[in-house]
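Text of data_9.pdb (PDB, C-alpha atoms and all ligand atoms) as supplied:
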MODEL        1
ATOM      1  CA  MET A  18     -21.010 -35.821 100.987
ATOM      2  CA  ALA A  19     -23.656 -33.160 100.436
ATOM      3  CA  LYS A  20     -26.669 -34.319  98.517
ATOM      4  CA  ARG A  21     -28.159 -32.478  95.603
ATOM      5  CA  LYS A  22     -31.471 -30.695  96.056
ATOM      6  CA  LYS A  23     -34.852 -32.045  95.063
ATOM      7  CA  ILE A  24     -36.628 -29.149  93.362
ATOM      8  CA  ALA A  25     -40.185 -28.487  92.227
ATOM      9  CA  ALA A  26     -40.217 -25.226  90.291
ATOM     10  CA  GLY A  27     -43.323 -23.619  88.861
ATOM     11  CA  ASN A  28     -43.174 -21.450  85.773
ATOM     12  CA  TRP A  29     -46.250 -19.264  85.672
ATOM     13  CA  LYS A  30     -45.128 -17.746  82.337
ATOM     14  CA  MET A  31     -47.268 -14.704  81.349
ATOM     15  CA  ASN A  32     -50.226 -15.751  83.497
ATOM     16  CA  MET A  33     -51.792 -14.706  86.798
ATOM     17  CA  GLY A  34     -52.841 -11.135  87.579
ATOM     18  CA  TYR A  35     -51.777  -9.555  90.842
ATOM     19  CA  GLU A  36     -54.623 -10.780  93.072
ATOM     20  CA  GLU A  37     -54.905 -14.184  91.379
ATOM     21  CA  GLY A  38     -51.186 -14.726  91.848
ATOM     22  CA  ARG A  39     -51.304 -13.843  95.532
ATOM     23  CA  ILE A  40     -54.150 -16.309  96.078
ATOM     24  CA  LEU A  41     -52.315 -19.050  94.188
ATOM     25  CA  ALA A  42     -49.074 -18.488  96.111
ATOM     26  CA  ARG A  43     -50.906 -18.575  99.455
ATOM     27  CA  LYS A  44     -52.583 -21.847  98.492
ATOM     28  CA  VAL A  45     -49.232 -23.317  97.487
ATOM     29  CA  VAL A  46     -47.697 -22.245 100.798
ATOM     30  CA  ASP A  47     -50.601 -23.871 102.663
ATOM     31  CA  GLY A  48     -50.481 -27.034 100.559
ATOM     32  CA  VAL A  49     -46.766 -27.773 100.614
ATOM     33  CA  VAL A  50     -46.133 -30.354 103.294
ATOM     34  CA  ARG A  51     -42.622 -31.418 102.354
ATOM     35  CA  SER A  52     -39.734 -29.551 103.908
ATOM     36  CA  ASP A  53     -37.119 -31.657 102.100
ATOM     37  CA  VAL A  54     -38.151 -30.337  98.671
ATOM     38  CA  THR A  55     -37.046 -26.916  97.452
ATOM     39  CA  VAL A  56     -40.127 -25.244  96.001
ATOM     40  CA  ILE A  57     -39.630 -22.367  93.592
ATOM     41  CA  LEU A  58     -42.319 -20.162  92.097
ATOM     42  CA  GLY A  59     -41.286 -18.597  88.792
ATOM     43  CA  VAL A  60     -43.571 -15.590  88.641
ATOM     44  CA  PRO A  61     -44.046 -12.536  86.405
ATOM     45  CA  PHE A  62     -42.097  -9.497  87.644
ATOM     46  CA  ILE A  63     -45.171  -7.771  89.087
ATOM     47  CA  HIS A  64     -45.449 -10.487  91.748
ATOM     48  CA  LEU A  65     -41.906 -10.511  93.046
ATOM     49  CA  LYS A  66     -42.343  -7.947  95.800
ATOM     50  CA  SER A  67     -45.550  -9.377  97.187
ATOM     51  CA  MET A  68     -44.120 -12.916  97.093
ATOM     52  CA  GLU A  69     -41.444 -11.690  99.466
ATOM     53  CA  ASN A  70     -44.213 -11.237 102.036
ATOM     54  CA  ILE A  71     -46.172 -14.384 101.222
ATOM     55  CA  LEU A  72     -43.176 -16.725 101.052
ATOM     56  CA  GLY A  73     -40.884 -14.852 103.417
ATOM     57  CA  GLY A  74     -39.654 -16.897 106.321
ATOM     58  CA  ILE A  75     -40.465 -20.308 104.812
ATOM     59  CA  SER A  76     -36.994 -21.654 104.264
ATOM     60  CA  ASN A  77     -37.726 -24.133 101.459
ATOM     61  CA  ILE A  78     -39.994 -21.928  99.305
ATOM     62  CA  HIS A  79     -38.329 -19.413  97.016
ATOM     63  CA  VAL A  80     -39.227 -17.076  94.237
ATOM     64  CA  ALA A  81     -37.763 -16.971  90.735
ATOM     65  CA  ALA A  82     -37.925 -14.360  88.024
ATOM     66  CA  GLN A  83     -38.427 -15.598  84.468
ATOM     67  CA  ASN A  84     -35.791 -13.395  82.865
ATOM     68  CA  CYS A  85     -33.172 -10.787  83.651
ATOM     69  CA  HIS A  86     -31.325  -8.243  81.521
ATOM     70  CA  GLN A  87     -27.622  -8.857  80.955
ATOM     71  CA  GLU A  88     -26.455  -5.316  81.798
ATOM     72  CA  GLU A  89     -26.149  -3.750  85.243
ATOM     73  CA  GLY A  90     -28.557  -0.928  84.473
ATOM     74  CA  GLY A  91     -29.032   2.212  82.417
ATOM     75  CA  ALA A  92     -30.882   3.129  79.260
ATOM     76  CA  TYR A  93     -32.712  -0.125  78.492
ATOM     77  CA  THR A  94     -36.332   0.933  78.457
ATOM     78  CA  GLY A  95     -38.687  -1.776  79.609
ATOM     79  CA  GLU A  96     -36.043  -4.132  80.980
ATOM     80  CA  ILE A  97     -35.419  -5.510  84.474
ATOM     81  CA  SER A  98     -31.925  -5.770  85.933
ATOM     82  CA  ALA A  99     -30.361  -8.237  88.351
ATOM     83  CA  SER A 100     -30.217  -5.575  91.063
ATOM     84  CA  HIS A 101     -33.928  -4.864  90.546
ATOM     85  CA  LEU A 102     -34.527  -8.547  91.214
ATOM     86  CA  THR A 103     -32.394  -8.788  94.352
ATOM     87  CA  SER A 104     -33.966  -5.607  95.726
ATOM     88  CA  VAL A 105     -37.259  -7.531  96.019
ATOM     89  CA  GLY A 106     -35.802 -10.736  97.423
ATOM     90  CA  THR A 107     -35.485 -12.835  94.258
ATOM     91  CA  SER A 108     -33.193 -15.814  94.655
ATOM     92  CA  TYR A 109     -33.507 -17.712  91.356
ATOM     93  CA  VAL A 110     -33.836 -16.657  87.711
ATOM     94  CA  ILE A 111     -35.083 -18.896  84.901
ATOM     95  CA  LEU A 112     -32.762 -18.368  81.929
ATOM     96  CA  GLY A 113     -32.859 -19.644  78.374
ATOM     97  CA  HIS A 114     -36.389 -20.998  78.396
ATOM     98  CA  SER A 115     -37.214 -22.273  74.910
ATOM     99  CA  GLU A 116     -39.894 -19.591  74.578
ATOM    100  CA  ARG A 117     -37.242 -16.921  75.136
ATOM    101  CA  ARG A 118     -34.871 -18.636  72.746
ATOM    102  CA  GLU A 119     -37.565 -18.894  70.078
ATOM    103  CA  TYR A 120     -39.558 -15.666  70.426
ATOM    104  CA  PHE A 121     -36.846 -13.329  71.698
ATOM    105  CA  GLY A 122     -33.844 -14.740  69.855
ATOM    106  CA  GLU A 123     -31.849 -15.605  72.972
ATOM    107  CA  GLY A 124     -28.743 -17.616  72.150
ATOM    108  CA  ALA A 125     -25.660 -18.924  73.905
ATOM    109  CA  ALA A 126     -23.590 -15.710  73.980
ATOM    110  CA  LEU A 127     -26.434 -13.699  75.514
ATOM    111  CA  LEU A 128     -27.305 -16.473  77.958
ATOM    112  CA  ALA A 129     -23.696 -16.665  79.094
ATOM    113  CA  LYS A 130     -23.853 -12.941  79.948
ATOM    114  CA  LYS A 131     -27.194 -13.305  81.703
ATOM    115  CA  THR A 132     -25.839 -16.234  83.705
ATOM    116  CA  ASP A 133     -22.839 -14.153  84.766
ATOM    117  CA  ILE A 134     -24.860 -11.195  85.979
ATOM    118  CA  VAL A 135     -27.363 -13.372  87.833
ATOM    119  CA  LEU A 136     -24.509 -15.117  89.657
ATOM    120  CA  LYS A 137     -22.675 -11.857  90.290
ATOM    121  CA  HIS A 138     -25.745 -10.592  92.138
ATOM    122  CA  GLY A 139     -25.936 -13.694  94.293
ATOM    123  CA  MET A 140     -28.905 -15.336  92.574
ATOM    124  CA  LYS A 141     -29.043 -18.827  91.083
ATOM    125  CA  PRO A 142     -29.816 -19.469  87.417
ATOM    126  CA  ILE A 143     -32.271 -22.175  86.407
ATOM    127  CA  PHE A 144     -30.785 -22.822  82.996
ATOM    128  CA  CYS A 145     -33.150 -24.363  80.451
ATOM    129  CA  CYS A 146     -32.084 -26.475  77.518
ATOM    130  CA  GLY A 147     -33.854 -28.868  75.199
ATOM    131  CA  GLU A 148     -34.399 -29.943  71.622
ATOM    132  CA  ASN A 149     -37.318 -29.617  69.223
ATOM    133  CA  LEU A 150     -39.116 -32.552  67.618
ATOM    134  CA  GLU A 151     -37.096 -32.429  64.418
ATOM    135  CA  ILE A 152     -33.817 -32.771  66.320
ATOM    136  CA  ARG A 153     -35.250 -35.573  68.476
ATOM    137  CA  GLU A 154     -36.345 -37.457  65.373
ATOM    138  CA  LYS A 155     -32.938 -36.992  63.772
ATOM    139  CA  GLY A 156     -31.364 -38.402  66.913
ATOM    140  CA  THR A 157     -29.038 -35.443  67.517
ATOM    141  CA  HIS A 158     -30.710 -34.267  70.741
ATOM    142  CA  VAL A 159     -27.838 -35.162  73.070
ATOM    143  CA  LYS A 160     -25.401 -33.288  70.876
ATOM    144  CA  LEU A 161     -27.612 -30.196  70.761
ATOM    145  CA  VAL A 162     -28.357 -30.102  74.491
ATOM    146  CA  SER A 163     -24.673 -30.638  75.279
ATOM    147  CA  LYS A 164     -23.792 -27.702  73.055
ATOM    148  CA  GLN A 165     -26.432 -25.468  74.675
ATOM    149  CA  ILE A 166     -24.932 -26.204  78.091
ATOM    150  CA  LYS A 167     -21.279 -25.956  77.048
ATOM    151  CA  ASP A 168     -21.666 -22.711  75.128
ATOM    152  CA  ALA A 169     -23.608 -20.839  77.800
ATOM    153  CA  LEU A 170     -22.201 -22.289  81.041
ATOM    154  CA  PHE A 171     -18.818 -23.928  80.679
ATOM    155  CA  HIS A 172     -16.909 -20.667  81.112
ATOM    156  CA  LEU A 173     -18.033 -20.700  84.767
ATOM    157  CA  SER A 174     -15.728 -21.570  87.628
ATOM    158  CA  ASP A 175     -16.511 -24.765  89.495
ATOM    159  CA  GLU A 176     -17.739 -22.716  92.451
ATOM    160  CA  ASP A 177     -20.192 -20.799  90.252
ATOM    161  CA  PHE A 178     -21.307 -23.836  88.292
ATOM    162  CA  ARG A 179     -22.435 -25.435  91.533
ATOM    163  CA  LYS A 180     -25.023 -22.653  91.931
ATOM    164  CA  VAL A 181     -26.688 -23.486  88.597
ATOM    165  CA  VAL A 182     -29.802 -25.626  88.308
ATOM    166  CA  ILE A 183     -30.261 -27.286  84.911
ATOM    167  CA  ALA A 184     -33.745 -27.794  83.472
ATOM    168  CA  TYR A 185     -34.001 -30.184  80.547
ATOM    169  CA  GLU A 186     -37.159 -29.290  78.656
ATOM    170  CA  PRO A 187     -37.742 -30.992  75.311
ATOM    171  CA  ILE A 188     -39.705 -28.440  73.281
ATOM    172  CA  TRP A 189     -41.981 -31.137  71.865
ATOM    173  CA  ALA A 190     -43.190 -31.821  75.424
ATOM    174  CA  ILE A 191     -43.809 -28.228  76.548
ATOM    175  CA  GLY A 192     -47.471 -27.323  76.807
ATOM    176  CA  THR A 193     -48.383 -30.187  74.481
ATOM    177  CA  GLY A 194     -49.604 -32.752  76.979
ATOM    178  CA  VAL A 195     -46.971 -35.114  75.555
ATOM    179  CA  THR A 196     -44.445 -35.901  78.267
ATOM    180  CA  ALA A 197     -41.077 -37.451  77.613
ATOM    181  CA  SER A 198     -41.171 -40.943  79.047
ATOM    182  CA  ALA A 199     -39.425 -41.331  82.374
ATOM    183  CA  GLN A 200     -36.746 -43.335  80.552
ATOM    184  CA  GLN A 201     -36.238 -40.641  77.890
ATOM    185  CA  ALA A 202     -35.818 -38.057  80.662
ATOM    186  CA  GLN A 203     -33.453 -40.312  82.601
ATOM    187  CA  ASP A 204     -31.319 -41.006  79.511
ATOM    188  CA  MET A 205     -30.847 -37.317  78.760
ATOM    189  CA  HIS A 206     -30.260 -36.375  82.413
ATOM    190  CA  LYS A 207     -27.624 -39.067  82.705
ATOM    191  CA  ASP A 208     -25.856 -37.709  79.624
ATOM    192  CA  ILE A 209     -26.039 -34.161  80.990
ATOM    193  CA  ARG A 210     -24.551 -35.299  84.298
ATOM    194  CA  ALA A 211     -21.760 -37.120  82.468
ATOM    195  CA  LEU A 212     -21.014 -33.964  80.468
ATOM    196  CA  ILE A 213     -20.776 -31.948  83.699
ATOM    197  CA  ALA A 214     -18.569 -34.622  85.281
ATOM    198  CA  LYS A 215     -16.192 -34.487  82.340
ATOM    199  CA  LYS A 216     -15.748 -30.730  82.717
ATOM    200  CA  TYR A 217     -16.087 -30.153  86.472
ATOM    201  CA  GLY A 218     -15.547 -33.584  87.998
ATOM    202  CA  ALA A 219     -17.808 -36.188  89.542
ATOM    203  CA  GLU A 220     -18.507 -34.323  92.772
ATOM    204  CA  THR A 221     -19.837 -31.192  91.051
ATOM    205  CA  ALA A 222     -21.882 -33.332  88.654
ATOM    206  CA  ASP A 223     -23.316 -35.215  91.573
ATOM    207  CA  LEU A 224     -24.297 -31.991  93.334
ATOM    208  CA  THR A 225     -26.047 -30.458  90.303
ATOM    209  CA  SER A 226     -29.836 -30.638  90.332
ATOM    210  CA  ILE A 227     -31.188 -31.496  86.887
ATOM    211  CA  LEU A 228     -34.911 -30.871  86.469
ATOM    212  CA  TYR A 229     -37.192 -32.240  83.797
ATOM    213  CA  GLY A 230     -39.791 -29.936  82.211
ATOM    214  CA  GLY A 231     -42.535 -30.569  79.667
ATOM    215  CA  SER A 232     -46.093 -31.465  80.634
ATOM    216  CA  VAL A 233     -45.211 -32.538  84.178
ATOM    217  CA  LYS A 234     -48.459 -33.245  86.013
ATOM    218  CA  PRO A 235     -49.578 -35.106  89.138
ATOM    219  CA  ALA A 236     -50.177 -38.254  87.055
ATOM    220  CA  ASN A 237     -46.585 -38.531  85.775
ATOM    221  CA  ALA A 238     -44.480 -36.724  88.391
ATOM    222  CA  LYS A 239     -43.886 -39.755  90.582
ATOM    223  CA  GLU A 240     -42.512 -41.902  87.798
ATOM    224  CA  LEU A 241     -40.304 -39.096  86.488
ATOM    225  CA  PHE A 242     -38.934 -38.140  89.920
ATOM    226  CA  ALA A 243     -38.194 -41.784  90.737
ATOM    227  CA  MET A 244     -35.486 -41.792  88.046
ATOM    228  CA  PRO A 245     -32.008 -41.583  89.568
ATOM    229  CA  ASP A 246     -30.898 -38.542  87.566
ATOM    230  CA  VAL A 247     -34.208 -36.639  87.579
ATOM    231  CA  ASP A 248     -33.998 -34.286  90.552
ATOM    232  CA  GLY A 249     -37.329 -32.590  90.096
ATOM    233  CA  GLY A 250     -39.417 -30.655  87.622
ATOM    234  CA  LEU A 251     -39.926 -27.290  86.000
ATOM    235  CA  VAL A 252     -43.679 -27.148  85.739
ATOM    236  CA  GLY A 253     -45.669 -24.810  83.497
ATOM    237  CA  GLY A 254     -49.412 -25.430  83.115
ATOM    238  CA  ALA A 255     -49.815 -27.555  86.236
ATOM    239  CA  SER A 256     -48.150 -24.883  88.395
ATOM    240  CA  LEU A 257     -51.156 -22.610  87.830
ATOM    241  CA  LYS A 258     -53.364 -24.919  89.874
ATOM    242  CA  ALA A 259     -52.412 -25.062  93.550
ATOM    243  CA  GLY A 260     -53.782 -28.588  93.968
ATOM    244  CA  ASP A 261     -51.853 -29.976  91.003
ATOM    245  CA  PHE A 262     -48.646 -28.216  91.923
ATOM    246  CA  THR A 263     -48.693 -29.295  95.559
ATOM    247  CA  GLN A 264     -49.363 -32.880  94.464
ATOM    248  CA  ILE A 265     -46.284 -32.620  92.245
ATOM    249  CA  VAL A 266     -44.277 -31.354  95.237
ATOM    250  CA  ALA A 267     -45.512 -34.379  97.172
ATOM    251  CA  ALA A 268     -44.545 -36.795  94.375
ATOM    252  CA  PHE A 269     -40.862 -37.166  95.267
TER     253      PHE A 269
HETATM  254  P1  LIG B 301     -45.584 -27.223  80.688
HETATM  255  O1  LIG B 301     -44.406 -26.112  80.589
HETATM  256  O2  LIG B 301     -45.432 -27.887  82.027
HETATM  257  O3  LIG B 301     -46.849 -26.437  80.562
HETATM  258  O4  LIG B 301     -45.353 -28.180  79.561
HETATM  259  C1  LIG B 301     -43.139 -26.373  81.093
HETATM  260  C2  LIG B 301     -42.249 -25.177  80.861
HETATM  261  O5  LIG B 301     -42.352 -24.541  79.799
HETATM  262  O6  LIG B 301     -41.422 -24.826  81.713
ENDMDL
END
Now that the file is in, can you turn its structure into structure tokens?
Amino acid sequence: MAKRKKIAAGNWKMNMGYEEGRILARKVVDGVVRSDVTVILGVPFIHLKSMENILGGISNIHVAAQNCHQEEGGAYTGEISASHLTSVGTSYVILGHSERREYFGEGAALLAKKTDIVLKHGMKPIFCCGENLEIREKGTHVKLVSKQIKDALFHLSDEDFRKVVIAYEPIWAIGTGVTASAQQAQDMHKDIRALIAKKYGAETADLTSILYGGSVKPANAKELFAMPDVDGGLVGGASLKAGDFTQIVAAF
């Protein structure tokens, strides 16, 4: 039976100018020693084309965009389409990050459309979900995360669902320095996998990579990645430092 991928994905967010980004990507390429880990750099749009040259030819290092418009093209000033992304060699797209949900009002219906167009163009969505502190304290986090996944993804065919990477990112852990404990991550990932199994069956659930995100750093990556249902990380702050990020890649 095929095994699910181990993935270390960086999310540069709105950081790194053109030259800085090229230097960082080169350092990551030089520092990654594992060929059994899929490494993904989630970069601002301006970097996509040059990443094609820096990462091109290394089979386990890929580039991700951080967003994609839901329409094929046309009069949407300022937006980037799926075909724009594939024209510069993009293979993954981060969708539904909590910052996009919060600051740009992205909800399930829109994310379902974005997921569809990303898949239609042969790219793979990295679908983010996660609860805020209030929900965690109320104890309704599993219900909320399940709903986020169901509403945006469960219209997909089994074949398409298998192309999706899930990233569980509790909002209270993003950029705060507070990481979910390895057990908290494991508990949620296990519930997410059970939800997928119920809809798509055990084999699809078993093949789905579920990443944890929220203050992943070299000091906690090993413990998180050792959990049976934690298949890697979506890394913000620590992905901006080549040394930290490559240590995280080495932590599996
Ligand atoms: P962080 O961000 O690692 O800086 O907490 C994670 C993310 O937002 O993807």
Would you write out, as a Markdown table, a table of all residues in chain A that have an atom no more than 7 Å from an atom of ligand LIG 301 (chain B), listing for each the closest atom pair and the distance in Å to one decimal, considering all atoms listed in the file and ordering rows by chain and rising residue number?
| residue | atom | partner | partner_atom | distance |
| --- | --- | --- | --- | --- |
| A:Asn28 | CA | B:LIG301 | O6 | 5.6 |
| A:Glu186 | CA | B:LIG301 | O6 | 6.9 |
| A:Ala190 | CA | B:LIG301 | O4 | 5.9 |
| A:Ile191 | CA | B:LIG301 | O4 | 3.4 |
| A:Gly192 | CA | B:LIG301 | O4 | 3.6 |
| A:Thr193 | CA | B:LIG301 | O4 | 6.2 |
| A:Gly194 | CA | B:LIG301 | O4 | 6.8 |
| A:Gly230 | CA | B:LIG301 | C1 | 5.0 |
| A:Gly231 | CA | B:LIG301 | O4 | 3.7 |
| A:Ser232 | CA | B:LIG301 | O4 | 3.5 |
| A:Val233 | CA | B:LIG301 | O2 | 5.1 |
| A:Leu251 | CA | B:LIG301 | O6 | 5.2 |
| A:Val252 | CA | B:LIG301 | O2 | 4.2 |
| A:Gly253 | CA | B:LIG301 | O2 | 3.4 |
| A:Gly254 | CA | B:LIG301 | O3 | 3.8 |
| A:Ala255 | CA | B:LIG301 | O2 | 6.1 |
Contacts of His79 of chain A at 10 Å (all atoms listed in the file; same-chain gap of 6+ positions) as a VMD selection string: chain A and resid 26 55 to 59 68 to 69 72 to 73 106 to 109
The PyMOL selection byres (((chain A and resi 137) around 12) and not hetatm) applied to the shown file, residues as an MDAnalysis selection string: chainID A and resid 87:89 98:100 103 130:136 138:142 173 177 180
For Asn70 of chain A: contacts at 10 Å, all atoms listed in the file, fewer than 3 positions along chain excluded, given as an MDAnalysis selection string: chainID A and resid 39 65:67 73:74 105:106
Starting from the displayed file, determine the output of the PyMOL selection byres (((chain A and resi 148-165) around 7) and not hetatm) and express the residue list as a PDB file with C-alpha atoms, in the frame of the given file.
ATOM      1  CA  ALA A 125     -25.660 -18.924  73.905  1.00  0.00           C
ATOM      2  CA  CYS A 146     -32.084 -26.475  77.518  1.00  0.00           C
ATOM      3  CA  GLY A 147     -33.854 -28.868  75.199  1.00  0.00           C
ATOM      4  CA  ILE A 166     -24.932 -26.204  78.091  1.00  0.00           C
ATOM      5  CA  LYS A 167     -21.279 -25.956  77.048  1.00  0.00           C
ATOM      6  CA  ASP A 168     -21.666 -22.711  75.128  1.00  0.00           C
ATOM      7  CA  ALA A 169     -23.608 -20.839  77.800  1.00  0.00           C
ATOM      8  CA  PRO A 187     -37.742 -30.992  75.311  1.00  0.00           C
ATOM      9  CA  ILE A 188     -39.705 -28.440  73.281  1.00  0.00           C
ATOM     10  CA  TRP A 189     -41.981 -31.137  71.865  1.00  0.00           C
ATOM     11  CA  MET A 205     -30.847 -37.317  78.760  1.00  0.00           C
ATOM     12  CA  ILE A 209     -26.039 -34.161  80.990  1.00  0.00           C
TER      13      ILE A 209
END
Proximity to Ala238 of chain A - best of A:Thr221, A:Ser76, A:Ser226, A:Ser198, only C-alpha atoms: A:Ser198
Residue with smallest distance to Ile265 of chain A - pool A:Leu102, A:Ala236, A:Ala129, A:Ala81, counting only C-alpha atoms: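 Using only C-alpha atoms, the shortest distance to Ile265 of chain A belongs to A:Ala236.
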Could you please fill out segment 178-186 of chain A with all heavy atoms and send it back as a compact mmCIF listing (two decimals), keeping the file's coordinate frame?
# COMPACT_ATOMS: atom_id res chain seq x y z
N PHE A 178 -20.48 -22.82 88.95
CA PHE A 178 -21.31 -23.84 88.29
C PHE A 178 -22.19 -24.57 89.30
O PHE A 178 -23.32 -24.93 89.01
CB PHE A 178 -20.46 -24.84 87.49
CG PHE A 178 -21.31 -25.70 86.61
CD1 PHE A 178 -21.66 -25.27 85.34
CD2 PHE A 178 -21.84 -26.90 87.08
CE1 PHE A 178 -22.51 -26.03 84.54
CE2 PHE A 178 -22.68 -27.67 86.29
CZ PHE A 178 -23.01 -27.23 85.03
N ARG A 179 -21.67 -24.72 90.50
CA ARG A 179 -22.44 -25.44 91.53
C ARG A 179 -23.70 -24.69 91.96
O ARG A 179 -24.55 -25.25 92.65
CB ARG A 179 -21.55 -25.69 92.76
CG ARG A 179 -20.51 -26.76 92.48
CD ARG A 179 -19.70 -27.05 93.71
NE ARG A 179 -18.67 -28.04 93.41
CZ ARG A 179 -18.20 -28.92 94.30
NH1 ARG A 179 -18.66 -28.92 95.53
NH2 ARG A 179 -17.26 -29.77 93.95
N LYS A 180 -23.81 -23.42 91.58
CA LYS A 180 -25.02 -22.65 91.93
C LYS A 180 -26.10 -22.78 90.85
O LYS A 180 -27.21 -22.28 91.00
CB LYS A 180 -24.65 -21.19 92.12
CG LYS A 180 -23.70 -20.98 93.29
CD LYS A 180 -23.14 -19.56 93.30
CE LYS A 180 -22.02 -19.48 94.34
NZ LYS A 180 -21.05 -18.42 94.00
N VAL A 181 -25.76 -23.41 89.73
CA VAL A 181 -26.69 -23.49 88.60
C VAL A 181 -27.59 -24.72 88.73
O VAL A 181 -27.13 -25.80 89.08
CB VAL A 181 -25.90 -23.57 87.26
CG1 VAL A 181 -26.84 -23.74 86.08
CG2 VAL A 181 -25.03 -22.32 87.08
N VAL A 182 -28.86 -24.51 88.44
CA VAL A 182 -29.80 -25.63 88.31
C VAL A 182 -30.04 -25.80 86.81
O VAL A 182 -30.24 -24.81 86.09
CB VAL A 182 -31.15 -25.30 89.01
CG1 VAL A 182 -32.17 -26.40 88.77
CG2 VAL A 182 -30.94 -25.05 90.50
N ILE A 183 -30.00 -27.03 86.34
CA ILE A 183 -30.26 -27.29 84.91
C ILE A 183 -31.71 -27.78 84.77
O ILE A 183 -32.17 -28.59 85.59
CB ILE A 183 -29.32 -28.39 84.37
CG1 ILE A 183 -27.85 -28.07 84.62
CG2 ILE A 183 -29.61 -28.71 82.90
CD1 ILE A 183 -27.20 -27.15 83.63
N ALA A 184 -32.40 -27.27 83.77
CA ALA A 184 -33.74 -27.79 83.47
C ALA A 184 -33.75 -28.31 82.04
O ALA A 184 -33.60 -27.51 81.09
CB ALA A 184 -34.80 -26.72 83.66
N TYR A 185 -33.89 -29.60 81.89
CA TYR A 185 -34.00 -30.18 80.55
C TYR A 185 -35.47 -30.18 80.15
O TYR A 185 -36.31 -30.83 80.80
CB TYR A 185 -33.45 -31.62 80.52
CG TYR A 185 -33.83 -32.34 79.24
CD1 TYR A 185 -33.46 -31.81 78.00
CD2 TYR A 185 -34.59 -33.51 79.26
CE1 TYR A 185 -33.84 -32.43 76.83
CE2 TYR A 185 -34.97 -34.14 78.09
CZ TYR A 185 -34.59 -33.59 76.87
OH TYR A 185 -34.99 -34.20 75.70
N GLU A 186 -35.77 -29.42 79.10
CA GLU A 186 -37.16 -29.29 78.66
C GLU A 186 -37.26 -29.53 77.15
O GLU A 186 -37.05 -28.60 76.36
CB GLU A 186 -37.66 -27.88 78.96
CG GLU A 186 -37.65 -27.52 80.42
CD GLU A 186 -38.68 -26.45 80.72
OE1 GLU A 186 -38.65 -25.37 80.11
OE2 GLU A 186 -39.55 -26.71 81.56
